[in-house]
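Student: Here you go, this is entry32.csv (CSV, C-alpha atoms).
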chain,number,residue,atom,x,y,z
A,1,MET,CA,14.2,6.5,29.9
A,2,ALA,CA,13.1,3.1,28.6
A,3,ASP,CA,10.8,2.9,25.6
A,4,ILE,CA,7.1,2.5,26.4
A,5,THR,CA,5.8,-1.0,25.8
A,6,LYS,CA,2.5,-2.5,24.7
A,7,GLU,CA,2.3,-4.3,28.1
A,8,GLN,CA,2.6,-0.9,29.9
A,9,VAL,CA,-0.2,0.6,27.7
A,10,LEU,CA,-2.5,-2.3,28.3
A,11,GLU,CA,-1.9,-2.4,32.1
A,12,THR,CA,-2.7,1.4,32.2
A,13,LEU,CA,-5.9,0.9,30.2
A,14,ARG,CA,-7.1,-1.6,32.9
A,15,THR,CA,-7.9,1.6,34.9
A,16,VAL,CA,-10.5,2.7,32.4
A,17,ARG,CA,-14.0,1.3,33.1
A,18,GLY,CA,-16.0,-0.1,30.3
A,19,PRO,CA,-19.6,0.7,29.5
A,20,ASP,CA,-20.9,-1.8,32.1
A,21,LEU,CA,-19.0,0.2,34.8
A,22,GLU,CA,-17.9,-3.1,36.4
A,23,HIS,CA,-15.0,-4.3,34.1
A,24,ASN,CA,-12.2,-2.4,32.4
A,25,ILE,CA,-11.9,-2.0,28.7
A,26,VAL,CA,-9.1,-4.5,28.4
A,27,GLU,CA,-11.0,-7.3,30.3
A,28,LEU,CA,-14.0,-6.6,28.0
A,29,GLY,CA,-11.8,-7.2,24.9
A,30,MET,CA,-12.5,-3.7,23.6
A,31,VAL,CA,-8.9,-2.7,22.9
A,32,SER,CA,-7.4,-3.3,19.5
A,33,ASP,CA,-3.7,-4.1,18.8
A,34,VAL,CA,-1.5,-1.3,20.3
A,35,PHE,CA,0.9,0.3,17.8
A,36,ILE,CA,3.7,2.5,19.2
A,37,SER,CA,5.9,4.7,17.0
A,38,ASP,CA,8.2,7.5,18.2
A,39,ALA,CA,6.8,7.3,21.7
A,40,LYS,CA,3.3,7.9,20.3
A,41,VAL,CA,0.6,5.3,21.0
A,42,TYR,CA,-2.1,4.3,18.6
A,43,PHE,CA,-5.0,2.0,19.3
A,44,SER,CA,-8.8,1.8,18.9
A,45,ILE,CA,-11.6,0.8,21.2
A,46,THR,CA,-14.4,-1.2,19.7
A,47,VAL,CA,-17.9,-0.1,20.6
A,48,PRO,CA,-21.5,-0.5,19.2
A,49,ALA,CA,-21.8,2.1,16.4
A,50,GLU,CA,-25.0,3.5,17.9
A,51,ARG,CA,-23.3,4.2,21.2
A,52,ALA,CA,-20.3,6.0,19.8
A,53,LYS,CA,-21.4,9.5,20.8
A,54,GLU,CA,-22.4,8.3,24.3
A,55,LEU,CA,-19.1,6.5,24.9
A,56,GLU,CA,-16.8,9.4,23.7
A,57,PRO,CA,-15.9,10.2,27.4
A,58,MET,CA,-14.5,6.7,27.7
A,59,ARG,CA,-12.3,7.3,24.7
A,60,LEU,CA,-11.1,10.6,26.2
A,61,ALA,CA,-10.4,8.9,29.5
A,62,ALA,CA,-8.3,6.2,27.7
A,63,GLU,CA,-6.4,8.8,25.7
A,64,ARG,CA,-5.8,10.9,28.9
A,65,VAL,CA,-4.3,8.0,31.0
A,66,ILE,CA,-2.0,7.0,28.2
A,67,LYS,CA,-0.8,10.5,27.6
A,68,GLU,CA,0.1,10.7,31.3
A,69,LEU,CA,2.4,7.7,31.1
A,70,PRO,CA,6.1,8.6,31.5
A,71,GLY,CA,7.8,8.5,28.2
A,72,VAL,CA,4.7,8.9,26.1
A,73,ARG,CA,4.8,11.9,23.7
A,74,GLY,CA,1.2,11.6,22.5
A,75,ALA,CA,-1.7,9.2,21.9
A,76,LEU,CA,-4.2,8.8,19.1
A,77,VAL,CA,-7.3,6.8,20.2
A,78,ALA,CA,-10.2,6.0,17.9
A,79,LEU,CA,-13.6,4.4,18.5
A,80,THR,CA,-14.3,1.6,16.0
A,81,ALA,CA,-17.3,-0.6,15.4
A,82,ASP,CA,-17.3,-4.1,14.2
A,83,LYS,CA,-18.6,-4.5,10.7
A,84,LYS,CA,-19.2,-8.2,11.3
A,85,ALA,CA,-19.6,-8.8,15.0
A,86,GLY,CA,-18.4,-12.1,16.3
A,87,THR,CA,-16.5,-13.1,13.1
A,88,GLY,CA,-13.1,-12.9,14.8
A,89,ALA,CA,-10.0,-11.7,13.0
A,90,PRO,CA,-10.0,-11.6,9.2
A,91,ALA,CA,-8.2,-14.4,7.4
A,92,ALA,CA,-4.6,-13.7,6.8
A,93,ARG,CA,-3.6,-12.6,3.3
A,94,PRO,CA,-0.4,-13.6,1.5
A,95,ALA,CA,2.7,-11.7,2.4
A,96,PRO,CA,3.7,-8.9,0.0
A,97,ALA,CA,6.0,-9.8,-2.8
A,98,GLN,CA,9.4,-8.2,-2.9
A,99,PRO,CA,9.6,-5.2,-5.2
A,100,ALA,CA,11.5,-5.5,-8.5
A,101,ALA,CA,14.3,-3.3,-9.4
A,102,HIS,CA,13.6,-0.3,-11.7
A,103,SER,CA,15.5,2.3,-13.4
A,104,HIS,CA,14.7,5.8,-12.1
A,105,ALA,CA,14.2,9.0,-14.0
A,106,HIS,CA,14.9,11.2,-11.0
A,107,ALA,CA,12.6,14.2,-10.3
A,108,PRO,CA,14.3,17.5,-9.6
A,109,GLN,CA,13.9,18.6,-6.0
A,110,GLN,CA,11.2,21.2,-6.2
A,111,PRO,CA,11.7,24.4,-4.3
A,112,PRO,CA,9.2,25.2,-1.5
A,113,ARG,CA,6.9,28.1,-2.0
A,114,ALA,CA,7.2,31.1,0.2
A,115,GLY,CA,6.5,30.6,3.9
A,116,LYS,CA,6.2,26.8,3.8
A,117,ILE,CA,8.4,23.7,3.9
A,118,GLY,CA,8.3,20.6,1.7
A,119,VAL,CA,8.2,16.9,2.6
A,120,PRO,CA,11.9,15.7,2.6
A,121,GLY,CA,12.7,13.3,-0.2
A,122,ILE,CA,9.4,13.6,-2.1
A,123,GLY,CA,9.6,15.4,-5.5
A,124,ALA,CA,5.9,15.9,-6.0
A,125,ILE,CA,2.6,14.9,-4.3
A,126,ILE,CA,-0.5,14.4,-6.4
A,127,ALA,CA,-4.1,13.8,-5.2
A,128,VAL,CA,-6.5,11.4,-7.0
A,129,ALA,CA,-10.0,12.5,-6.0
A,130,SER,CA,-13.7,12.2,-6.9
A,131,GLY,CA,-16.8,14.0,-5.9
A,132,LYS,CA,-18.6,10.8,-5.0
A,133,GLY,CA,-17.9,7.1,-4.3
A,134,GLY,CA,-18.3,4.2,-6.7
A,135,VAL,CA,-16.5,5.7,-9.7
A,136,GLY,CA,-13.3,3.6,-9.4
A,137,LYS,CA,-11.1,6.3,-7.9
A,138,SER,CA,-8.9,3.9,-5.8
A,139,THR,CA,-8.5,1.5,-8.7
A,140,THR,CA,-7.5,4.5,-10.9
A,141,ALA,CA,-5.1,5.7,-8.2
A,142,VAL,CA,-3.2,2.4,-7.8
A,143,ASN,CA,-3.0,1.8,-11.6
A,144,LEU,CA,-1.8,5.4,-12.1
A,145,ALA,CA,0.9,4.9,-9.5
A,146,LEU,CA,2.0,1.7,-11.2
A,147,GLY,CA,1.9,3.5,-14.5
A,148,LEU,CA,4.3,6.1,-13.2
A,149,LEU,CA,6.5,3.3,-11.8
A,150,ALA,CA,6.4,1.5,-15.2
A,151,ASN,CA,7.6,4.8,-16.8
A,152,GLY,CA,10.7,4.7,-14.7
A,153,LEU,CA,9.8,6.8,-11.7
A,154,ARG,CA,10.2,6.1,-7.9
A,155,VAL,CA,6.6,6.1,-6.6
A,156,GLY,CA,4.7,5.7,-3.3
A,157,ILE,CA,1.0,5.7,-2.6
A,158,LEU,CA,-0.7,7.1,0.5
A,159,ASP,CA,-4.2,5.8,1.2
A,160,ALA,CA,-6.0,8.8,2.7
A,161,ASP,CA,-9.3,7.1,3.1
A,162,ILE,CA,-9.4,6.7,6.9
A,163,TYR,CA,-12.9,5.3,7.0
A,164,GLY,CA,-12.6,2.8,4.1
A,165,PRO,CA,-8.9,2.1,3.3
A,166,SER,CA,-8.6,0.0,0.2
A,167,MET,CA,-4.9,-0.2,-0.6
A,168,PRO,CA,-4.1,-3.3,1.5
A,169,ARG,CA,-6.6,-5.3,-0.6
A,170,LEU,CA,-5.9,-3.6,-4.0
A,171,LEU,CA,-2.2,-4.3,-3.6
A,172,LYS,CA,-2.5,-7.6,-1.7
A,173,ILE,CA,-0.5,-6.4,1.3
A,174,SER,CA,-1.1,-7.8,4.8
A,175,GLY,CA,0.5,-7.4,8.2
A,176,ARG,CA,1.7,-4.5,10.3
A,177,PRO,CA,4.4,-2.0,9.4
A,178,THR,CA,7.8,-2.0,11.2
A,179,GLN,CA,9.6,0.9,12.8
A,180,ILE,CA,13.0,2.4,12.3
A,181,ASP,CA,14.8,2.9,15.6
A,182,GLY,CA,11.4,3.1,17.3
A,183,ARG,CA,10.9,6.5,15.7
A,184,ILE,CA,9.2,6.4,12.3
A,185,ILE,CA,7.2,3.9,10.4
A,186,ASN,CA,8.5,1.9,7.4
A,187,PRO,CA,6.0,1.9,4.6
A,188,MET,CA,4.7,-1.4,3.3
A,189,GLN,CA,5.7,-2.5,-0.2
A,190,ASN,CA,4.4,-4.5,-3.2
A,191,TYR,CA,4.9,-4.4,-7.0
A,192,GLY,CA,7.7,-1.8,-6.4
A,193,LEU,CA,5.4,0.7,-4.7
A,194,LYS,CA,5.9,2.1,-1.2
A,195,VAL,CA,2.5,2.1,0.5
A,196,MET,CA,0.9,3.5,3.7
A,197,SER,CA,-2.7,3.0,4.8
A,198,MET,CA,-4.7,3.1,7.9
A,199,GLY,CA,-5.7,-0.4,6.9
A,200,PHE,CA,-2.3,-1.6,8.1
A,201,LEU,CA,-2.9,-0.3,11.6
A,202,VAL,CA,-6.6,-1.2,12.0
A,203,ASP,CA,-8.2,-4.6,11.4
A,204,GLU,CA,-10.1,-4.9,8.1
A,205,GLU,CA,-13.4,-5.9,9.8
A,206,THR,CA,-13.7,-2.7,11.8
A,207,ALA,CA,-15.4,0.6,10.9
A,208,MET,CA,-13.7,3.8,11.9
A,209,ILE,CA,-15.7,6.3,14.0
A,210,TRP,CA,-13.4,9.3,14.1
A,211,ARG,CA,-14.0,13.0,14.5
A,212,GLY,CA,-12.5,15.6,12.2
A,213,PRO,CA,-9.4,16.6,14.2
A,214,MET,CA,-8.5,12.9,14.6
A,215,VAL,CA,-8.7,12.3,10.8
A,216,GLN,CA,-6.5,15.3,10.2
A,217,SER,CA,-3.9,14.2,12.7
A,218,ALA,CA,-3.8,10.6,11.3
A,219,LEU,CA,-3.4,11.8,7.7
A,220,LEU,CA,-0.6,14.2,8.5
A,221,GLN,CA,1.3,11.6,10.5
A,222,MET,CA,1.0,9.0,7.7
A,223,LEU,CA,2.5,11.6,5.4
A,224,ARG,CA,5.3,13.0,7.5
A,225,GLU,CA,6.1,10.2,10.0
A,226,VAL,CA,6.7,7.5,7.4
A,227,ALA,CA,10.1,6.6,5.9
A,228,TRP,CA,9.2,7.3,2.3
A,229,GLY,CA,12.8,7.7,1.3
A,230,GLU,CA,13.5,9.4,-2.1
A,231,LEU,CA,10.4,9.4,-4.3
A,232,ASP,CA,9.7,11.2,-7.5
A,233,VAL,CA,6.0,11.0,-6.9
A,234,LEU,CA,3.7,10.3,-4.0
A,235,VAL,CA,0.1,9.5,-5.2
A,236,VAL,CA,-2.5,10.2,-2.6
A,237,ASP,CA,-5.7,8.2,-2.9
A,238,MET,CA,-8.3,10.6,-1.5
A,239,PRO,CA,-11.6,9.6,0.1
A,240,PRO,CA,-14.6,10.5,-2.0
A,241,GLY,CA,-16.4,13.8,-1.4
A,242,THR,CA,-15.2,17.1,0.0
A,243,GLY,CA,-15.1,16.6,3.8
A,244,ASP,CA,-12.5,16.9,6.5
A,245,ALA,CA,-9.9,14.6,5.0
A,246,GLN,CA,-10.1,16.3,1.6
A,247,LEU,CA,-9.7,19.8,3.0
A,248,THR,CA,-6.8,18.7,5.2
A,249,MET,CA,-4.9,17.3,2.3
A,250,ALA,CA,-5.8,20.2,0.0
A,251,GLN,CA,-4.9,22.9,2.6
A,252,GLN,CA,-2.0,21.4,4.5
A,253,VAL,CA,-0.2,19.1,2.2
A,254,PRO,CA,2.2,20.2,-0.5
A,255,LEU,CA,0.2,19.1,-3.5
A,256,ALA,CA,1.6,19.6,-7.0
A,257,GLY,CA,-1.8,19.0,-8.3
A,258,ALA,CA,-5.0,17.0,-8.3
A,259,ILE,CA,-6.6,14.5,-10.7
A,260,ILE,CA,-10.4,14.1,-10.7
A,261,VAL,CA,-12.0,10.8,-11.6
A,262,SER,CA,-15.5,10.6,-12.9
A,263,THR,CA,-17.8,8.4,-14.8
A,264,PRO,CA,-19.5,9.8,-18.0
A,265,GLN,CA,-23.0,10.4,-16.7
A,266,ASP,CA,-24.3,13.8,-15.7
A,267,LEU,CA,-24.9,13.0,-12.0
A,268,ALA,CA,-21.3,11.9,-11.5
A,269,LEU,CA,-20.1,15.0,-13.3
A,270,ILE,CA,-22.1,17.2,-11.0
A,271,ASP,CA,-20.2,15.7,-8.0
A,272,ALA,CA,-16.9,15.9,-9.8
A,273,ARG,CA,-17.4,19.6,-10.2
A,274,LYS,CA,-17.6,20.0,-6.4
A,275,GLY,CA,-14.1,18.4,-6.1
A,276,LEU,CA,-12.8,20.6,-8.9
A,277,ASN,CA,-14.1,23.7,-7.2
A,278,MET,CA,-12.7,22.7,-3.8
A,279,PHE,CA,-9.1,22.3,-5.2
A,280,ARG,CA,-9.4,25.6,-7.1
A,281,LYS,CA,-10.5,27.5,-4.0
A,282,VAL,CA,-7.4,26.3,-2.1
A,283,GLU,CA,-5.2,27.0,-5.1
A,284,VAL,CA,-4.3,23.4,-5.9
A,285,PRO,CA,-3.7,23.0,-9.7
A,286,VAL,CA,-6.1,20.6,-11.4
A,287,LEU,CA,-4.0,18.3,-13.5
A,288,GLY,CA,-7.0,16.9,-15.4
A,289,ILE,CA,-10.0,14.6,-15.5
A,290,VAL,CA,-10.1,10.9,-16.1
A,291,GLU,CA,-13.2,9.3,-17.5
A,292,ASN,CA,-13.5,5.9,-15.8
A,293,MET,CA,-15.9,3.2,-16.9
A,294,SER,CA,-16.0,5.2,-20.1
A,295,TYR,CA,-17.4,2.3,-22.2
A,296,PHE,CA,-17.9,-1.5,-21.9
A,297,ILE,CA,-16.4,-4.1,-24.2
A,298,ALA,CA,-18.3,-7.4,-24.1
A,299,PRO,CA,-15.8,-10.1,-23.5
A,300,ASP,CA,-17.6,-12.6,-25.7
A,301,THR,CA,-18.3,-10.5,-28.8
A,302,GLY,CA,-16.0,-7.6,-28.5
A,303,ALA,CA,-19.0,-5.2,-29.0
A,304,ARG,CA,-18.8,-1.8,-27.3
A,305,TYR,CA,-21.6,-0.5,-25.1
A,306,ASP,CA,-21.7,3.1,-23.6
A,307,ILE,CA,-23.5,1.9,-20.5
A,308,PHE,CA,-23.1,5.3,-18.6
A,309,GLY,CA,-23.0,7.4,-21.7
A,310,HIS,CA,-19.7,8.5,-23.2
A,311,GLY,CA,-17.6,11.6,-23.4
A,312,GLY,CA,-19.2,13.6,-20.6
A,313,ALA,CA,-15.9,14.0,-18.7
A,314,ARG,CA,-14.1,15.1,-21.8
A,315,LYS,CA,-16.7,17.8,-22.5
A,316,GLU,CA,-16.5,18.9,-18.9
A,317,ALA,CA,-12.8,19.2,-19.1
A,318,GLU,CA,-13.1,21.3,-22.2
A,319,ARG,CA,-15.8,23.4,-20.7
A,320,ILE,CA,-13.8,24.4,-17.6
A,321,GLY,CA,-10.4,24.5,-19.3
A,322,VAL,CA,-8.5,21.6,-17.7
A,323,PRO,CA,-6.7,18.7,-19.5
A,324,PHE,CA,-8.6,15.6,-20.3
A,325,LEU,CA,-6.3,12.7,-19.3
A,326,GLY,CA,-8.0,9.7,-20.9
A,327,GLU,CA,-10.8,7.2,-21.1
A,328,VAL,CA,-10.6,4.0,-19.1
A,329,PRO,CA,-13.0,1.3,-20.2
A,330,LEU,CA,-15.1,-0.9,-17.9
A,331,THR,CA,-13.7,-4.4,-18.3
A,332,MET,CA,-14.0,-7.6,-16.4
A,333,GLY,CA,-10.2,-7.6,-16.1
A,334,ILE,CA,-10.0,-4.4,-14.1
A,335,ARG,CA,-12.6,-5.7,-11.7
A,336,GLU,CA,-11.1,-9.1,-11.3
A,337,THR,CA,-7.5,-7.9,-10.8
A,338,SER,CA,-8.6,-5.2,-8.3
A,339,ASP,CA,-10.4,-7.8,-6.2
A,340,ALA,CA,-7.5,-10.2,-6.4
A,341,GLY,CA,-4.9,-7.5,-5.5
A,342,THR,CA,-3.1,-7.8,-8.8
A,343,PRO,CA,-3.7,-4.5,-10.5
A,344,LEU,CA,-3.7,-4.6,-14.4
A,345,VAL,CA,-0.6,-2.4,-14.9
A,346,ALA,CA,1.4,-4.9,-12.8
A,347,SER,CA,-0.3,-8.2,-13.8
A,348,GLU,CA,-0.9,-7.4,-17.6
A,349,PRO,CA,1.7,-4.7,-18.3
A,350,ASN,CA,1.5,-5.2,-22.1
A,351,GLY,CA,-2.3,-5.1,-22.2
A,352,THR,CA,-4.4,-2.4,-23.8
A,353,VAL,CA,-5.8,-1.0,-20.5
A,354,ALA,CA,-2.3,-1.0,-18.9
A,355,GLY,CA,-1.2,1.1,-21.9
A,356,ILE,CA,-4.1,3.6,-21.2
A,357,TYR,CA,-2.9,4.0,-17.6
A,358,ARG,CA,0.7,4.5,-18.6
A,359,ASP,CA,-0.4,7.1,-21.1
A,360,ILE,CA,-2.3,8.9,-18.4
A,361,ALA,CA,0.7,8.7,-16.1
A,362,SER,CA,2.9,10.2,-18.8
A,363,LYS,CA,0.5,13.2,-19.2
A,364,VAL,CA,0.5,13.7,-15.5
A,365,TRP,CA,4.2,13.6,-15.2
A,366,ALA,CA,4.7,16.0,-18.0
A,367,GLN,CA,2.7,18.5,-16.0
A,368,ILE,CA,4.2,18.0,-12.6
A,369,SER,CA,7.9,17.5,-13.4
A,370,ASN,CA,8.4,21.2,-13.8
A,371,THR,CA,5.9,22.4,-11.3
A,372,PRO,CA,7.1,23.7,-7.9
A,373,GLN,CA,5.8,21.7,-4.9
A,374,ARG,CA,3.4,23.3,-2.6
A,375,ALA,CA,4.9,23.0,0.8
A,376,ALA,CA,3.2,21.9,4.1
A,377,PRO,CA,3.7,23.5,7.5
A,378,SER,CA,5.5,21.5,10.2
A,379,ILE,CA,3.3,19.3,12.2
A,380,VAL,CA,3.2,19.0,16.0
A,381,PHE,CA,1.5,16.0,17.6
A,382,GLU,CA,-0.8,17.0,20.4
How would this structure read if it were set down as structure tokens?

Tutor:
Amino acid sequence: MADITKEQVLETLRTVRGPDLEHNIVELGMVSDVFISDAKVYFSITVPAERAKELEPMRLAAERVIKELPGVRGALVALTADKKAGTGAPAARPAPAQPAAHSHAHAPQQPPRAGKIGVPGIGAIIAVASGKGGVGKSTTAVNLALGLLANGLRVGILDADIYGPSMPRLLKISGRPTQIDGRIINPMQNYGLKVMSMGFLVDEETAMIWRGPMVQSALLQMLREVAWGELDVLVVDMPPGTGDAQLTMAQQVPLAGAIIVSTPQDLALIDARKGLNMFRKVEVPVLGIVENMSYFIAPDTGARYDIFGHGGARKEAERIGVPFLGEVPLTMGIRETSDAGTPLVASEPNGTVAGIYRDIASKVWAQISNTPQRAAPSIVFE
């Protein structure tokens, strides 16, 4: 049977009425780019955010008609809302640079734990998490991944933040991923990292409106239906908090451990404890705590200021008996390189801050290189 095409999908979606009940969702311009992989169809329908609940039956109808198409094995349909209505497509970003060659300190293939299977080719999976947003978790995750790479490992990064994916911007990667033999997705690449993010499948200017089961399905597919190849480490940039996405990754993904990112002040540490407790409850080892924005160095005078206090994360790590991985300062360079998509470890590899990230990476690798991988169950697309 011939492979399903985007044209067939769009023609079928013309049978689904839009909110005005007069025109179909294709005519109304509500359907996003259609992405097809392994006979599974992915697309979103743009609706006003305030009408998302009301228009759920329309989403279900679109999903149903596509699943009924001959040759389709499954469909994943999301409702999205424009963040900036009427602005059109986002400006194209530069194409990703070709990764440089690296020497590899190969990770031993870690045996699966009883009753579960591992992810083929991936030596260890680690989560970078935080109890709240705004603490620099994604910036930490990408520089940690680059630090592991700089230390000679084969590394990938999975952006698990479905609602606010940041890896395309942090790593200056644009475009859509390709497929291998129409079955699995090729990860994107830059700076030598293999990368997968929902941001490559959905336009940057849209806001995701997904329910829990859809988030779980998307996350697990991005993990297991991507051609990661042979990796020593896959870093997972978790969304902030302790919701559906975090529980899915903690309970169903073979995590070797988790890293908690916090700023020094008490309020951030309270939220960090929630993340720590979640991982402990699902028996995921906590590899340690990183204190981000630990202190500020004035670029003009070199004077140090403890804007958010200092040492709170170290004290918390000592209190609960987990490793303290390091202090990352708040600098203009980190902010500027993150915004520009040129992370410090890649753009200023010999700098002080890059050295801090590489040191954190070394401490993490020392823990996980001899730790068996927690294995995940097989995943069935429904």

Student: Which of these residues is nearest to Val195 in chain A, using only C-alpha atoms: A:Leu330, A:Ala78, A:Leu223, A:Val364?

Tutor: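 For Val195 in chain A, the nearest of the candidates is A:Leu223.
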
Student: Give as a ChimeraX atom specification the set of residues within 8 Å of the point (-8.2, 10.7, -20.8), where distances use the file's coordinates and all atoms listed in the file.

Tutor: /A:289-291,314,324-328,360

Student: What would the file look like if the residues just selected were written as a short mmCIF file (atom, residue, chain, number, x, y, z; two decimals), keeping the file's coordinate frame with C-alpha atoms?

Tutor:
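What ended up in again12.cif:
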data_model
loop_
_atom_site.label_atom_id
_atom_site.label_comp_id
_atom_site.auth_asym_id
_atom_site.auth_seq_id
_atom_site.Cartn_x
_atom_site.Cartn_y
_atom_site.Cartn_z
CA ILE A 289 -10.00 14.60 -15.50
CA VAL A 290 -10.10 10.90 -16.10
CA GLU A 291 -13.20 9.30 -17.50
CA ARG A 314 -14.10 15.10 -21.80
CA PHE A 324 -8.60 15.60 -20.30
CA LEU A 325 -6.30 12.70 -19.30
CA GLY A 326 -8.00 9.70 -20.90
CA GLU A 327 -10.80 7.20 -21.10
CA VAL A 328 -10.60 4.00 -19.10
CA ILE A 360 -2.30 8.90 -18.40
#

Student: Tell me, in Å to one decimal, how far CA of Ala298 in chain A is from CA of Gly351 in chain A.

Tutor: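 We find that CA of Ala298 in chain A and CA of Gly351 in chain A lie 16.3 Å from each other.
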
Student: First collect every listed atom of range 50-64 of chain A; then fit an axis-aligned box around them, widen it by 5 Å on each side, and give centre and edge lengths in Å to one decimal, as JSON.

Tutor:
{"center_x": -15.4, "center_y": 7.2, "center_z": 23.7, "size_x": 29.2, "size_y": 17.4, "size_z": 21.6}

Student: How many Å lie between CA of Val26 in chain A and CA of Arg14 in chain A, rounded to one decimal?

Tutor: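 Taking CA of Val26 in chain A as the start and CA of Arg14 in chain A as the end point, the length is 5.7 Å.
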
Student: Residues within 12 Å of Ser362 in chain A, please, as a PyMOL selection string. Count only C-alpha atoms; anything in the same chain fewer than 6 positions from it doesn't count.

Tutor: chain A and resi 144-153+287+325-326+355-356+368-369

Student: Now that the selection is made, can you save its residues with C-alpha atoms as a CSV table (one decimal), in the frame of the given file?

Tutor:
chain,number,residue,atom,x,y,z
A,144,LEU,CA,-1.8,5.4,-12.1
A,145,ALA,CA,0.9,4.9,-9.5
A,146,LEU,CA,2.0,1.7,-11.2
A,147,GLY,CA,1.9,3.5,-14.5
A,148,LEU,CA,4.3,6.1,-13.2
A,149,LEU,CA,6.5,3.3,-11.8
A,150,ALA,CA,6.4,1.5,-15.2
A,151,ASN,CA,7.6,4.8,-16.8
A,152,GLY,CA,10.7,4.7,-14.7
A,153,LEU,CA,9.8,6.8,-11.7
A,287,LEU,CA,-4.0,18.3,-13.5
A,325,LEU,CA,-6.3,12.7,-19.3
A,326,GLY,CA,-8.0,9.7,-20.9
A,355,GLY,CA,-1.2,1.1,-21.9
A,356,ILE,CA,-4.1,3.6,-21.2
A,368,ILE,CA,4.2,18.0,-12.6
A,369,SER,CA,7.9,17.5,-13.4

Student: Between CA of Ile259 in chain A and CA of Gly288 in chain A, what is the spacing in Å?

Tutor: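 Taking CA of Gly288 in chain A and CA of Ile259 in chain A, their separation equals 5.3 Å.
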
Student: In terms of the shortest atom-to-atom distance over only C-alpha atoms, which of A:Met167, A:Val119, A:Ala218, A:Met188 is closest to Pro343 in chain A?

Tutor: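 Going through A:Met167, A:Val119, A:Ala218, A:Met188 one by one, the smallest distance to Pro343 in chain A is for A:Met167.
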
Student: Which one is closest to Gln221 in chain A: A:Thr178, A:Thr46, A:Ser37, A:Asn277? Count only C-alpha atoms.

Tutor: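 Going through A:Thr178, A:Thr46, A:Ser37, A:Asn277 one by one, the smallest distance to Gln221 in chain A is for A:Ser37.
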
Student: Find the residue from A:Ala346, A:Leu21, A:Ala141, A:Met58 that sits nearest to Asn292 in chain A; use all atoms listed in the file when measuring.

Tutor: A:Ala141

Student: Would you kindly return, as an NGL selection string, each protein, DNA or RNA residue with an atom no farther than 6 Å from any atom of range 71-73 of chain A, considering only C-alpha atoms and excluding same-chain residues fewer than 2 positions away?

Tutor: :A and (39-40 or 67 or 69)

Student: Find the residues near Asp339 in chain A: any atom within 9 Å, counting all atoms listed in the file, skip ones fewer than 5 places away on the same chain, and give them as a PDB file with C-alpha atoms, in the coordinates of the input.

Tutor:
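New file result-v8.pdb:
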ATOM      1  CA  ARG A 169      -6.600  -5.300  -0.600  1.00  0.00           C
ATOM      2  CA  LEU A 170      -5.900  -3.600  -4.000  1.00  0.00           C
ATOM      3  CA  ILE A 334     -10.000  -4.400 -14.100  1.00  0.00           C
TER       4      ILE A 334
END

Student: With distances taken over only C-alpha atoms, which of A:Gly134, A:Pro285, A:Gly311, A:Gly192 is nearest to Gln367 in chain A?

Tutor: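 For Gln367 in chain A, the nearest of the given residues is A:Pro285.
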
Student: Would you please work out which residue, of A:Thr352, A:Glu230, A:Ile180, A:Thr337, is nearest to Gly121 in chain A when using all atoms listed in the file?

Tutor: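 Answer, going by the shortest atom-to-atom distance: A:Glu230.
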
Student: Could N, CA and C atoms be built for range 216-225 of chain A and written out as an mmCIF file, keeping the file's coordinate frame?

Tutor:
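Writing the result to result.cif gives the following:
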data_model
loop_
_atom_site.group_PDB
_atom_site.id
_atom_site.type_symbol
_atom_site.label_atom_id
_atom_site.label_comp_id
_atom_site.auth_asym_id
_atom_site.auth_seq_id
_atom_site.Cartn_x
_atom_site.Cartn_y
_atom_site.Cartn_z
ATOM 1 N N GLN A 216 -7.552 14.456 10.649
ATOM 2 C CA GLN A 216 -6.500 15.300 10.200
ATOM 3 C C GLN A 216 -5.144 14.903 10.796
ATOM 4 N N SER A 217 -5.125 14.587 12.086
ATOM 5 C CA SER A 217 -3.900 14.200 12.700
ATOM 6 C C SER A 217 -3.342 12.895 12.128
ATOM 7 N N ALA A 218 -4.225 11.919 11.907
ATOM 8 C CA ALA A 218 -3.800 10.600 11.300
ATOM 9 C C ALA A 218 -3.217 10.817 9.942
ATOM 10 N N LEU A 219 -3.884 11.605 9.115
ATOM 11 C CA LEU A 219 -3.400 11.800 7.700
ATOM 12 C C LEU A 219 -2.049 12.453 7.702
ATOM 13 N N LEU A 220 -1.873 13.484 8.495
ATOM 14 C CA LEU A 220 -0.600 14.200 8.500
ATOM 15 C C LEU A 220 0.532 13.354 9.013
ATOM 16 N N GLN A 221 0.223 12.505 9.995
ATOM 17 C CA GLN A 221 1.300 11.600 10.500
ATOM 18 C C GLN A 221 1.640 10.562 9.470
ATOM 19 N N MET A 222 0.651 10.027 8.746
ATOM 20 C CA MET A 222 1.000 9.000 7.700
ATOM 21 C C MET A 222 1.779 9.652 6.598
ATOM 22 N N LEU A 223 1.671 10.953 6.424
ATOM 23 C CA LEU A 223 2.500 11.600 5.400
ATOM 24 C C LEU A 223 3.884 11.896 5.905
ATOM 25 N N ARG A 224 4.013 12.450 7.103
ATOM 26 C CA ARG A 224 5.300 13.000 7.500
ATOM 27 C C ARG A 224 6.062 12.104 8.519
ATOM 28 N N GLU A 225 5.433 11.063 9.054
ATOM 29 C CA GLU A 225 6.100 10.200 10.000
ATOM 30 C C GLU A 225 6.332 8.799 9.419
#
